[in-house]
file data07.txt (compact mmCIF, C-alpha atoms)
# COMPACT_ATOMS: atom_id res chain seq x y z
CA MET A 51 122.98 97.87 123.09
CA GLU A 52 126.25 95.93 123.05
CA GLU A 53 124.33 92.63 123.00
CA LEU A 54 122.24 93.87 120.12
CA ARG A 55 125.30 94.87 118.13
CA HIS A 56 126.89 91.52 118.93
CA LEU A 57 123.79 89.72 117.66
CA VAL A 58 123.86 91.70 114.41
CA LYS A 59 127.56 90.94 113.93
CA GLU A 60 126.95 87.23 114.49
CA MET A 61 124.05 87.23 112.02
CA LEU A 62 126.36 88.74 109.42
CA LYS A 63 129.31 86.51 110.25
CA LYS A 64 127.24 83.33 110.07
CA GLY A 65 125.71 84.49 106.80
CA ILE A 66 122.16 84.26 108.14
CA VAL A 67 121.30 87.54 106.45
CA GLN A 68 122.80 89.60 103.63
CA GLY A 69 122.57 92.75 105.68
CA VAL A 70 120.65 94.40 108.47
CA LEU A 71 118.70 97.61 108.06
CA ALA A 72 119.19 99.71 111.16
CA PRO A 73 119.45 103.31 112.30
CA VAL A 74 123.10 104.29 112.78
CA ARG A 75 124.79 107.31 114.30
CA GLU A 76 126.98 109.29 111.90
CA SER A 77 130.40 109.84 113.37
CA GLY A 78 130.84 113.42 112.19
CA ASN A 79 127.62 115.24 112.97
CA GLY A 80 125.87 112.78 115.27
CA ASN A 81 122.86 112.50 112.95
CA VAL A 82 120.92 109.26 112.80
CA SER A 83 120.73 107.76 109.30
CA PRO A 84 119.38 104.55 107.87
CA CYS A 85 122.08 102.01 107.06
CA PHE A 86 122.20 98.62 105.39
CA VAL A 87 124.65 97.15 107.87
CA THR A 88 127.00 94.59 106.35
CA THR A 89 130.22 95.15 108.32
CA GLU A 90 131.23 95.06 111.97
CA ARG A 91 132.12 98.71 111.78
CA ASP A 92 128.61 99.65 110.74
CA ALA A 93 127.16 97.34 113.40
CA ASP A 94 129.06 99.32 116.02
CA ARG A 95 127.30 102.47 114.87
CA ILE A 96 123.76 101.12 115.41
CA ALA A 97 121.94 103.63 117.62
CA LEU A 98 118.41 103.56 119.00
CA ASP A 99 118.80 106.18 121.69
CA SER A 100 117.09 108.84 119.61
CA TYR A 101 114.00 108.88 117.42
CA TYR A 102 114.76 108.06 113.79
CA PRO A 103 112.35 109.78 111.40
CA PHE A 104 112.57 107.26 108.53
CA SER A 105 110.69 103.99 108.38
CA LEU A 106 112.99 101.00 108.02
CA ALA A 107 109.93 98.84 107.40
CA LYS A 108 109.16 100.93 104.34
CA LEU A 109 112.77 100.66 103.18
CA VAL A 110 112.60 96.87 103.53
CA SER A 111 109.44 96.76 101.42
CA LYS A 112 110.64 99.24 98.79
CA GLN A 113 114.33 98.52 98.43
CA VAL A 114 114.97 94.94 99.49
CA GLY A 115 114.16 92.17 97.03
CA LYS A 116 111.52 89.71 98.25
CA ASP A 117 114.00 86.83 98.04
CA THR A 118 116.73 88.56 100.00
CA LYS A 119 117.26 87.52 103.61
CA VAL A 120 117.72 90.62 105.69
CA GLY A 121 117.49 91.75 109.27
CA MET A 122 115.83 94.86 110.61
CA VAL A 123 116.54 96.60 113.88
CA GLY A 124 113.81 98.99 114.90
CA THR A 125 111.59 100.41 117.58
CA THR A 126 108.09 99.08 118.20
CA CYS A 127 106.26 101.38 115.78
CA ASP A 128 108.59 100.39 112.95
CA VAL A 129 108.08 96.70 113.73
CA GLN A 130 104.31 97.30 113.75
CA ALA A 131 104.66 98.98 110.37
CA LEU A 132 106.49 95.94 109.04
CA ILE A 133 103.65 93.67 110.19
CA GLU A 134 101.13 95.94 108.43
CA LEU A 135 103.20 95.82 105.23
CA ALA A 136 103.36 92.03 105.48
CA LYS A 137 99.55 91.92 105.65
CA ARG A 138 99.52 93.90 102.43
CA GLU A 139 101.97 91.46 100.84
CA GLN A 140 104.65 94.12 100.53
CA VAL A 141 107.09 92.21 102.73
CA VAL A 142 107.74 88.49 103.08
CA LEU A 143 108.15 88.13 106.84
CA ASP A 144 109.91 84.76 106.50
CA LYS A 145 112.77 86.59 104.85
CA VAL A 146 113.10 89.32 107.46
CA LEU A 147 114.62 88.74 110.87
CA VAL A 148 113.01 91.40 113.01
CA ILE A 149 114.89 92.69 116.04
CA GLY A 150 112.80 95.07 118.09
CA VAL A 151 113.97 97.40 120.80
CA GLU A 152 111.82 98.56 123.69
CA CYS A 153 111.31 102.31 123.93
CA GLU A 154 111.53 104.22 127.15
CA GLU A 155 108.23 105.73 128.20
CA GLU A 156 108.15 109.27 126.78
CA GLY A 157 111.72 108.55 125.75
CA PHE A 158 111.63 110.91 122.79
CA PRO A 159 110.19 114.42 122.98
CA TYR A 160 107.59 114.08 120.24
CA PRO A 161 103.80 114.23 120.58
CA TRP A 162 103.35 110.83 118.93
CA CYS A 163 105.89 109.23 121.26
CA ARG A 164 104.13 110.78 124.25
CA ARG A 165 100.85 109.23 123.06
CA CYS A 166 102.46 105.85 122.40
CA GLU A 167 101.06 102.88 124.28
CA HIS A 168 103.20 100.18 122.66
CA LEU A 169 106.65 100.33 124.19
CA VAL A 170 107.56 96.66 123.82
CA PRO A 171 107.97 95.15 120.34
CA SER A 172 106.24 91.91 121.30
CA MET A 173 105.74 90.91 117.65
CA ALA A 174 109.43 91.14 116.75
CA ASP A 175 111.35 87.86 116.41
CA VAL A 176 113.79 89.03 119.03
CA ALA A 177 113.02 91.80 121.52
CA PHE A 178 115.59 93.77 123.49
CA TYR A 179 114.38 95.44 126.68
CA GLN A 180 115.44 98.62 128.43
CA ASP A 181 116.86 96.60 131.34
CA GLY A 182 119.32 94.91 128.99
CA THR A 183 117.51 91.57 128.76
CA VAL A 184 116.37 89.88 125.57
CA SER A 185 113.55 87.55 124.59
CA ALA A 186 112.80 85.37 121.59
CA ASN A 187 109.17 85.85 120.61
CA THR A 188 108.90 83.57 117.59
CA GLU A 189 110.37 80.30 116.38
CA LYS A 190 112.66 82.30 114.10
CA GLY A 191 113.82 84.33 117.07
CA LYS A 192 114.44 81.24 119.21
CA GLU A 193 116.53 79.69 116.48
CA LEU A 194 118.53 82.87 116.16
CA LEU A 195 119.21 83.27 119.88
CA SER A 196 120.16 79.60 120.24
CA LEU A 197 122.72 80.06 117.48
CA MET A 198 124.26 82.85 119.50
CA ASN A 199 124.09 80.97 122.81
CA ALA A 200 122.31 84.00 124.21
CA SER A 201 120.25 83.59 127.35
CA ALA A 202 116.67 84.62 126.74
CA ARG A 203 113.96 85.64 129.16
CA GLU A 204 110.23 85.23 128.82
CA LYS A 205 108.46 87.40 126.26
CA ARG A 206 107.02 90.50 127.86
CA GLU A 207 104.29 92.98 126.95
CA THR A 208 104.09 96.70 127.61
CA PRO A 209 103.31 97.10 131.34
CA PRO A 210 99.60 97.93 131.88
CA GLU A 211 100.50 100.98 134.04
CA ALA A 212 102.55 102.42 131.19
CA LYS A 213 99.66 101.82 128.82
CA GLU A 214 97.28 103.53 131.25
CA ARG A 215 99.54 106.57 131.46
CA ALA A 216 99.79 106.67 127.66
CA LEU A 217 96.00 106.68 127.39
CA GLN A 218 95.91 109.63 129.77
CA ARG A 219 98.43 111.51 127.68
CA GLN A 220 96.33 110.76 124.59
CA GLU A 221 93.30 112.27 126.33
CA GLU A 222 95.33 115.38 127.14
CA ASP A 223 96.55 115.65 123.56
CA TRP A 224 93.04 115.36 122.16
CA ALA A 225 91.19 117.25 124.94
CA LYS A 226 91.13 120.58 123.18
CA LEU A 227 89.89 119.05 119.93
CA ALA A 228 87.33 116.90 121.69
CA ARG A 229 85.71 120.00 123.20
CA LEU A 230 85.16 121.61 119.78
CA GLU A 231 81.90 121.37 117.86
CA PRO A 232 82.22 119.18 114.74
CA LYS A 233 82.18 122.25 112.48
CA GLU A 234 84.91 123.95 114.52
CA ARG A 235 86.96 120.78 114.51
CA LEU A 236 86.69 120.59 110.74
CA ASP A 237 87.79 124.24 110.51
CA TYR A 238 90.73 123.48 112.80
CA TRP A 239 91.97 120.82 110.42
CA LEU A 240 91.13 122.68 107.22
CA SER A 241 93.11 125.69 108.40
CA TYR A 242 96.07 123.40 108.99
CA PHE A 243 95.61 121.80 105.55
CA ASP A 244 95.81 125.33 104.07
CA ARG A 245 99.45 125.37 105.11
CA CYS A 246 100.24 122.31 102.99
CA ILE A 247 102.87 122.85 100.29
CA LYS A 248 102.14 119.48 98.65
CA CYS A 249 105.60 118.05 99.20
CA TYR A 250 104.13 114.54 99.51
CA GLY A 251 106.50 114.05 102.45
CA CYS A 252 103.76 112.54 104.62
CA ARG A 253 102.88 110.05 101.93
CA ASN A 254 106.51 109.27 101.15
CA SER A 255 107.40 108.70 104.79
CA CYS A 256 104.28 106.78 105.79
CA PRO A 257 105.06 103.07 106.01
CA ILE A 258 101.41 102.18 105.47
CA CYS A 259 101.21 104.20 102.20
CA PHE A 260 102.44 101.47 99.90
CA CYS A 261 100.37 101.87 96.69
CA LYS A 262 102.53 101.75 93.58
CA ASP A 263 99.87 103.71 91.69
CA CYS A 264 98.96 106.40 94.22
CA TYR A 265 95.58 108.15 94.09
CA LEU A 266 97.25 111.43 94.98
CA GLU A 267 99.38 111.54 91.84
CA PRO A 268 98.29 114.40 89.57
CA HIS A 269 97.07 112.16 86.75
CA LYS A 270 94.44 110.69 89.09
CA LEU A 271 92.87 114.18 89.18
CA ILE A 272 92.03 114.31 92.90
CA VAL A 273 95.03 116.55 93.38
CA LYS A 274 95.27 118.87 90.42
CA PRO A 275 98.71 119.54 89.01
CA GLY A 276 100.06 122.98 89.85
CA GLY A 277 98.98 125.30 92.64
CA ASN A 278 99.18 125.19 96.39
CA PRO A 279 97.73 124.29 98.79
CA PRO A 280 96.37 121.09 97.27
CA ASP A 281 92.70 120.22 97.46
CA LYS A 282 91.55 119.42 101.01
CA MET A 283 90.92 115.91 99.81
CA PHE A 284 94.68 115.33 99.67
CA HIS A 285 94.86 114.72 103.39
CA LEU A 286 91.43 113.15 103.65
CA VAL A 287 92.15 110.63 100.89
CA ARG A 288 95.29 109.60 102.69
CA LEU A 289 93.43 109.47 105.97
CA MET A 290 90.87 107.13 104.42
CA HIS A 291 93.57 104.91 102.99
CA VAL A 292 95.72 104.48 106.07
CA GLY A 293 93.48 105.58 108.96
CA ASP A 294 92.54 102.09 110.08
CA SER A 295 96.16 100.90 110.09
CA CYS A 296 98.07 103.94 111.39
CA VAL A 297 100.71 102.73 113.84
CA ASN A 298 101.33 106.24 115.24
CA CYS A 299 104.97 106.18 114.19
CA GLY A 300 104.89 109.93 113.51
CA ARG A 301 106.94 109.73 110.32
CA CYS A 302 104.35 111.87 108.50
CA GLU A 303 104.53 114.68 111.02
CA ALA A 304 108.30 114.44 111.44
CA SER A 305 108.75 115.02 107.70
CA CYS A 306 106.17 117.82 107.35
CA PRO A 307 107.97 121.09 106.51
CA MET A 308 104.86 123.06 107.51
CA SER A 309 104.48 121.45 110.95
CA ILE A 310 100.93 120.22 110.37
CA PRO A 311 100.13 117.98 113.36
CA ILE A 312 98.96 115.16 111.08
CA SER A 313 99.82 112.29 113.38
CA ARG A 314 97.34 113.70 115.90
CA LEU A 315 94.53 113.36 113.36
CA TYR A 316 95.57 109.92 112.17
CA HIS A 317 96.15 108.51 115.60
CA ALA A 318 92.86 109.91 116.95
CA LEU A 319 90.89 108.46 114.05
CA ASN A 320 92.72 105.17 114.36
CA LYS A 321 91.80 104.95 118.03
CA GLU A 322 88.14 105.55 117.21
CA LEU A 323 88.20 102.88 114.51
CA SER A 324 90.04 100.49 116.83
CA ALA A 325 87.32 100.88 119.43
CA LEU A 326 84.67 100.30 116.78
CA PHE A 327 86.20 97.27 115.09
CA GLY A 328 88.37 95.83 117.86
CA TYR A 329 91.35 96.07 115.55
CA GLU A 330 94.81 97.16 116.56
CA PRO A 331 97.29 97.64 113.73
CA GLY A 332 100.69 96.03 113.72
CA LEU A 333 100.22 93.57 116.56
CA ASP A 334 98.80 90.45 114.97
CA LEU A 335 99.57 89.27 111.45
CA SER A 336 96.30 87.37 111.15
CA SER A 337 93.89 90.24 111.87
CA LEU A 338 93.30 92.28 108.75
CA PRO A 339 92.60 96.03 108.39
CA PRO A 340 88.86 96.57 108.87
CA LEU A 341 88.23 99.21 106.19
CA GLY A 342 89.37 96.77 103.52
CA MET A 343 87.40 93.86 104.91
CA ILE A 344 84.13 95.31 106.15
CA THR A 345 80.83 94.64 104.39
CA GLU A 346 77.70 96.78 104.39
CA GLU A 347 76.03 94.24 106.60
CA ASP A 348 78.80 94.45 109.20
CA MET A 349 78.32 98.20 109.24
CA LYS A 350 74.57 97.84 109.80
CA ASN A 351 75.24 95.42 112.64
CA LEU A 352 77.63 97.92 114.19
CA GLY A 353 74.95 100.59 113.94
CA VAL A 354 76.86 102.70 111.43
CA GLU A 355 74.44 104.71 109.34
CA LEU A 356 75.14 104.82 105.62
CA ASP A 357 73.56 107.92 104.11
CA MET B 266 123.88 96.32 98.34
CA ILE B 267 121.97 99.39 99.58
CA ARG B 268 123.85 102.55 100.50
CA PHE B 269 122.58 105.87 101.79
CA VAL B 270 124.76 108.62 100.41
CA PRO B 271 124.52 112.01 102.11
CA THR B 272 124.40 115.02 99.82
CA ILE B 273 122.80 118.43 99.36
CA CYS B 274 119.67 118.97 97.31
CA PRO B 275 120.69 120.32 93.89
CA TYR B 276 117.59 122.42 93.26
CA CYS B 277 117.66 125.72 95.13
CA GLY B 278 119.86 127.83 97.31
CA VAL B 279 118.39 126.62 100.62
CA GLY B 280 120.64 123.58 100.59
CA CYS B 281 118.53 120.91 102.28
CA GLY B 282 120.27 117.73 103.32
CA LEU B 283 119.25 114.50 101.68
CA LEU B 284 120.31 110.90 101.43
CA LEU B 285 120.39 109.26 98.04
CA VAL B 286 119.37 105.62 98.20
CA VAL B 287 121.85 103.74 96.03
CA LYS B 288 120.97 100.18 95.19
CA ASP B 289 123.45 98.04 93.28
CA GLY B 290 125.21 101.15 91.98
CA ARG B 291 122.08 102.97 90.83
CA VAL B 292 120.41 105.90 92.56
CA VAL B 293 116.83 104.77 93.14
CA ASP B 294 115.31 107.00 95.82
CA THR B 295 115.71 109.99 98.11
CA GLN B 296 115.33 110.24 101.87
CA PRO B 297 115.45 113.44 103.90
CA MET B 298 118.55 113.77 106.08
CA ALA B 299 117.52 113.64 109.71
CA GLY B 300 119.09 116.31 111.87
CA HIS B 301 120.43 118.36 108.99
CA PRO B 302 120.87 121.92 110.32
CA VAL B 303 119.08 123.52 107.36
CA SER B 304 116.23 121.17 106.58
CA GLU B 305 115.84 119.26 109.87
CA GLY B 306 114.71 116.08 108.17
CA LYS B 307 112.16 117.75 105.90
CA LEU B 308 112.11 118.27 102.13
CA CYS B 309 109.90 119.93 99.52
CA ILE B 310 108.54 118.05 96.55
CA LYS B 311 111.63 118.79 94.47
CA GLY B 312 113.97 117.42 97.12
CA TRP B 313 111.89 114.28 97.53
CA ASN B 314 112.32 113.65 93.81
CA ALA B 315 115.92 114.81 93.50
CA HIS B 316 117.09 111.38 92.35
CA GLN B 317 114.83 111.23 89.33
CA PHE B 318 116.95 113.05 86.78
CA ILE B 319 120.11 111.08 87.48
CA HIS B 320 119.34 108.05 85.34
CA HIS B 321 116.59 109.70 83.30
CA PRO B 322 116.69 108.63 79.65
CA GLU B 323 116.15 112.22 78.48
CA ARG B 324 118.96 113.67 80.58
CA LEU B 325 121.49 115.66 78.54
CA THR B 326 124.87 114.08 78.97
CA ARG B 327 126.77 115.87 76.19
CA PRO B 328 126.78 119.47 74.95
CA LEU B 329 124.49 120.11 72.00
CA ILE B 330 124.97 122.73 69.28
CA ARG B 331 121.93 124.06 67.46
CA GLU B 332 122.42 123.64 63.74
CA ASN B 333 120.04 123.58 60.78
CA GLY B 334 116.97 123.60 63.04
CA GLY B 335 118.19 120.67 65.09
CA PHE B 336 120.81 119.73 67.65
CA ARG B 337 124.20 118.17 67.08
CA GLU B 338 126.24 116.49 69.81
CA SER B 339 129.63 118.08 70.26
CA SER B 340 132.65 118.07 72.53
CA TRP B 341 132.89 120.48 75.48
CA GLU B 342 135.85 122.11 73.84
CA GLU B 343 133.92 122.88 70.68
CA ALA B 344 130.82 124.05 72.57
CA ILE B 345 132.70 126.39 74.92
CA GLY B 346 134.80 127.66 72.01
CA LEU B 347 131.63 128.52 70.11
CA VAL B 348 130.11 130.30 73.13
CA ALA B 349 133.28 132.36 73.61
CA LYS B 350 133.42 133.28 69.93
CA ARG B 351 129.78 134.40 69.83
CA LEU B 352 130.14 136.39 73.06
CA GLU B 353 133.14 138.15 71.63
CA GLU B 354 131.30 138.91 68.38
CA THR B 355 128.25 140.31 70.21
CA LYS B 356 130.38 142.40 72.54
CA GLY B 357 132.34 143.80 69.57
CA LYS B 358 129.18 144.62 67.61
CA SER B 359 126.83 145.95 70.34
CA GLY B 360 129.01 146.59 73.42
CA PRO B 361 129.33 144.66 76.71
CA ASP B 362 125.99 145.91 78.11
CA SER B 363 124.16 144.07 75.34
CA ILE B 364 124.91 140.81 77.15
CA ALA B 365 123.43 139.54 80.44
CA PHE B 366 124.37 136.53 82.53
CA LEU B 367 122.29 134.37 84.84
CA SER B 368 124.05 132.37 87.47
CA SER B 369 122.54 129.59 89.49
CA ALA B 370 121.57 128.73 93.03
CA ARG B 371 122.64 125.22 92.19
CA CYS B 372 126.30 126.20 91.91
CA THR B 373 128.68 126.63 94.78
CA ASN B 374 129.42 130.07 96.16
CA GLU B 375 132.84 129.92 94.54
CA GLU B 376 131.44 129.12 91.10
CA ASN B 377 129.04 132.04 91.40
CA TYR B 378 131.93 134.28 92.37
CA LEU B 379 133.88 133.12 89.34
CA LEU B 380 130.99 133.84 87.00
CA GLN B 381 130.53 137.41 88.25
CA LYS B 382 134.31 137.88 87.94
CA LEU B 383 134.14 136.75 84.33
CA VAL B 384 131.16 139.00 83.65
CA ARG B 385 132.60 142.14 85.26
CA ALA B 386 136.30 141.77 84.53
CA VAL B 387 136.35 139.96 81.18
CA ILE B 388 133.08 140.94 79.50
CA GLY B 389 132.86 144.33 81.21
CA THR B 390 129.22 144.59 82.31
CA ASN B 391 127.26 144.51 85.55
CA ASN B 392 124.43 142.52 83.95
CA ILE B 393 124.70 139.56 86.30
CA ASP B 394 121.86 137.98 88.23
CA HIS B 395 120.90 134.56 89.48
CA CYS B 396 118.12 132.08 88.90
CA ALA B 397 116.68 132.36 92.40
CA ARG B 398 115.24 135.76 91.40
CA LEU B 399 113.56 134.55 88.23

call {"tool": "encode", "arguments": {"input": "data07.txt", "output": "structure tokens"}}
result
Amino acid sequence: MEELRHLVKEMLKKGIVQGVLAPVRESGNGNVSPCFVTTERDADRIALDSYYPFSLAKLVSKQVGKDTKVGMVGTTCDVQALIELAKREQVVLDKVLVIGVECEEEGFPYPWCRRCEHLVPSMADVAFYQDGTVSANTEKGKELLSLMNASAREKRETPPEAKERALQRQEEDWAKLARLEPKERLDYWLSYFDRCIKCYGCRNSCPICFCKDCYLEPHKLIVKPGGNPPDKMFHLVRLMHVGDSCVNCGRCEASCPMSIPISRLYHALNKELSALFGYEPGLDLSSLPPLGMITEEDMKNLGVELD
Amino acid sequence: MIRFVPTICPYCGVGCGLLLVVKDGRVVDTQPMAGHPVSEGKLCIKGWNAHQFIHHPERLTRPLIRENGGFRESSWEEAIGLVAKRLEETKGKSGPDSIAFLSSARCTNEENYLLQKLVRAVIGTNNIDHCARL
């Protein structure tokens, strides 16, 4: 952590970036808040030892001008989210220096973290590992580390055993749902959707939800103004929009005041789509989200029936 | 350039924690406050949009006095003076129980205390309630 803070301070001192978006620990209450780090004092407060329920990637895309050079310090899911936003032209990656931090396996006590199979931010410019080492994964990252005279190791991926264990935990998480008949499974989700108080927290927190003119706004008439719970389509529209690119960051579920286990649904659907299309969100800038790219012919070739 | 300012949601008495996103001196967005003891990083739709009225063009920034079917901008001194005068008139004509007061969940505890003190001790009625029961 000290090396990471040092790197951020050097980036600021050398004027490489205007600021660095990072989670910081508040001194008074110990809460973790987002911070646009511009001073050494703020850099000393950077903390990644607990889950932060806001997406820094989304903050970069929404609040930072496209010409502003900034840094971002985040965990793997947030870095994945940034890659997905770059694919959607919401972020100019050349302008963002991405520092990723490896997560401990099951490091945070949340269902989405337990299911997570991407511990290492291999697509970040610079990756910090749990054992205190660091690697430069891109040209940008190499340039940065050479400026700091930091010794870098080889880029590393998430260990296959850890991935295997994550897949097992996913199976456990989905086992009960998998046993249900399709009708029962639909009822399971619809009864959860009945809890919804239409706070739009899931949409607001989701880094993949980037539309400026959102289909769930009342004037689009899918979700009628007034009355709760909203139409069932609220969640299904969102699922259709982001399902193929969900990075299982859990921001939706973390911000849900009614404790609807939304990330379970999104992650499960994403895994099914990934198997179908061979697409994994957030790992490779050049592979594009399948639901936006697929043609009817592709679907026929895949054996998907269109009724 | 971007600051996250911790504050409490102004809308109801629950008091959820939120962070106002301040960009170049203007409040542009709201984020829930992670780890807040009341709201635990969650907000309702009002909290998520708590920043919207701050720079809204239709926000009232000065007291208005209704006159000749319209509104006239006035000073606080004039507006409060008028309210006091009319309250006094009504109390004199129809008695203190002809007046009722509504306080607000958006005020502090102390402000609510002060209002009920004014209502009971100065006006002389128990007709005091608050907006959370509307």

call {"tool": "closest_residue", "arguments": {"input": "data07.txt", "among": "A:Glu204, A:Asp99, A:Glu76, A:Glu60", "to": "chain B", "atoms": "only C-alpha atoms"}}
result
A:Glu76

call {"tool": "closest_residue", "arguments": {"input": "data07.txt", "among": "A:Thr345, A:Thr88, A:Ser305, A:Gln68", "to": "chain B", "atoms": "only C-alpha atoms"}}
result
A:Ser305

call {"tool": "atom_distance", "arguments": {"input": "data07.txt", "atom1": "atom CA of Cys261 of chain A", "atom2": "atom CA of Lys274 of chain A"}}
result
18.8 Å

call {"tool": "atom_distance", "arguments": {"input": "data07.txt", "atom1": "atom CA of Pro171 of chain A", "atom2": "atom CA of Met343 of chain A"}}
result
25.7 Å

call {"tool": "interface_residues", "arguments": {"input": "data07.txt", "of": "chain B", "to": "chain A", "cutoff": "10 Å", "atoms": "all atoms listed in the file", "output": "MDAnalysis selection string"}}
result
chainID B and resid 266:271 284 286:288 293:302 304:314

call {"tool": "residues_around", "arguments": {"input": "data07.txt", "residues": "Val148 of chain A", "least_positions_apart": "5", "cutoff": "8 Å", "atoms": "only C-alpha atoms", "output": "list in words"}}
result
Gly121, Met122, Val123, Gly124, Val129, Ala174, Asp175 and Val176 of chain A

call {"tool": "write_last_selection", "arguments": {"input": "data07.txt", "atoms": "C-alpha atoms", "output": "compact mmCIF listing (two decimals), in the coordinates of the input"}}
result
# COMPACT_ATOMS: atom_id res chain seq x y z
CA GLY A 121 117.49 91.75 109.27
CA MET A 122 115.83 94.86 110.61
CA VAL A 123 116.54 96.60 113.88
CA GLY A 124 113.81 98.99 114.90
CA VAL A 129 108.08 96.70 113.73
CA ALA A 174 109.43 91.14 116.75
CA ASP A 175 111.35 87.86 116.41
CA VAL A 176 113.79 89.03 119.03

call {"tool": "decode", "arguments": {"input": "data07.txt", "residues": "segment 277-289 of chain B", "atoms": "N, CA and C atoms", "output": "short mmCIF file (atom, residue, chain, number, x, y, z; two decimals), in the first residue's frame"}}
result
data_model
loop_
_atom_site.label_atom_id
_atom_site.label_comp_id
_atom_site.auth_asym_id
_atom_site.auth_seq_id
_atom_site.Cartn_x
_atom_site.Cartn_y
_atom_site.Cartn_z
N CYS B 277 -36.17 13.95 4.40
CA CYS B 277 -37.07 13.47 5.46
C CYS B 277 -36.31 13.30 6.76
N GLY B 278 -37.00 12.83 7.77
CA GLY B 278 -36.42 12.74 9.09
C GLY B 278 -35.49 11.57 9.29
N VAL B 279 -35.38 10.66 8.31
CA VAL B 279 -34.50 9.50 8.48
C VAL B 279 -33.04 9.94 8.61
N GLY B 280 -32.65 10.89 7.77
CA GLY B 280 -31.30 11.43 7.88
C GLY B 280 -30.23 10.58 7.24
N CYS B 281 -30.46 10.15 6.01
CA CYS B 281 -29.47 9.32 5.31
C CYS B 281 -28.22 10.15 4.99
N GLY B 282 -27.09 9.46 4.96
CA GLY B 282 -25.84 10.14 4.66
C GLY B 282 -25.61 10.18 3.16
N LEU B 283 -25.19 11.31 2.66
CA LEU B 283 -24.85 11.36 1.24
C LEU B 283 -23.64 12.25 1.01
N LEU B 284 -23.07 12.05 -0.17
CA LEU B 284 -21.92 12.85 -0.58
C LEU B 284 -22.35 13.68 -1.77
N LEU B 285 -22.19 14.98 -1.66
CA LEU B 285 -22.48 15.82 -2.82
C LEU B 285 -21.22 15.89 -3.68
N VAL B 286 -21.39 15.66 -4.97
CA VAL B 286 -20.25 15.73 -5.88
C VAL B 286 -20.14 17.17 -6.37
N VAL B 287 -19.07 17.83 -5.97
CA VAL B 287 -18.91 19.25 -6.31
C VAL B 287 -17.79 19.38 -7.33
N LYS B 288 -18.17 19.90 -8.48
CA LYS B 288 -17.20 20.01 -9.56
C LYS B 288 -17.03 21.48 -9.90
N ASP B 289 -15.82 21.97 -9.80
CA ASP B 289 -15.53 23.38 -10.07
C ASP B 289 -16.51 24.30 -9.35
#
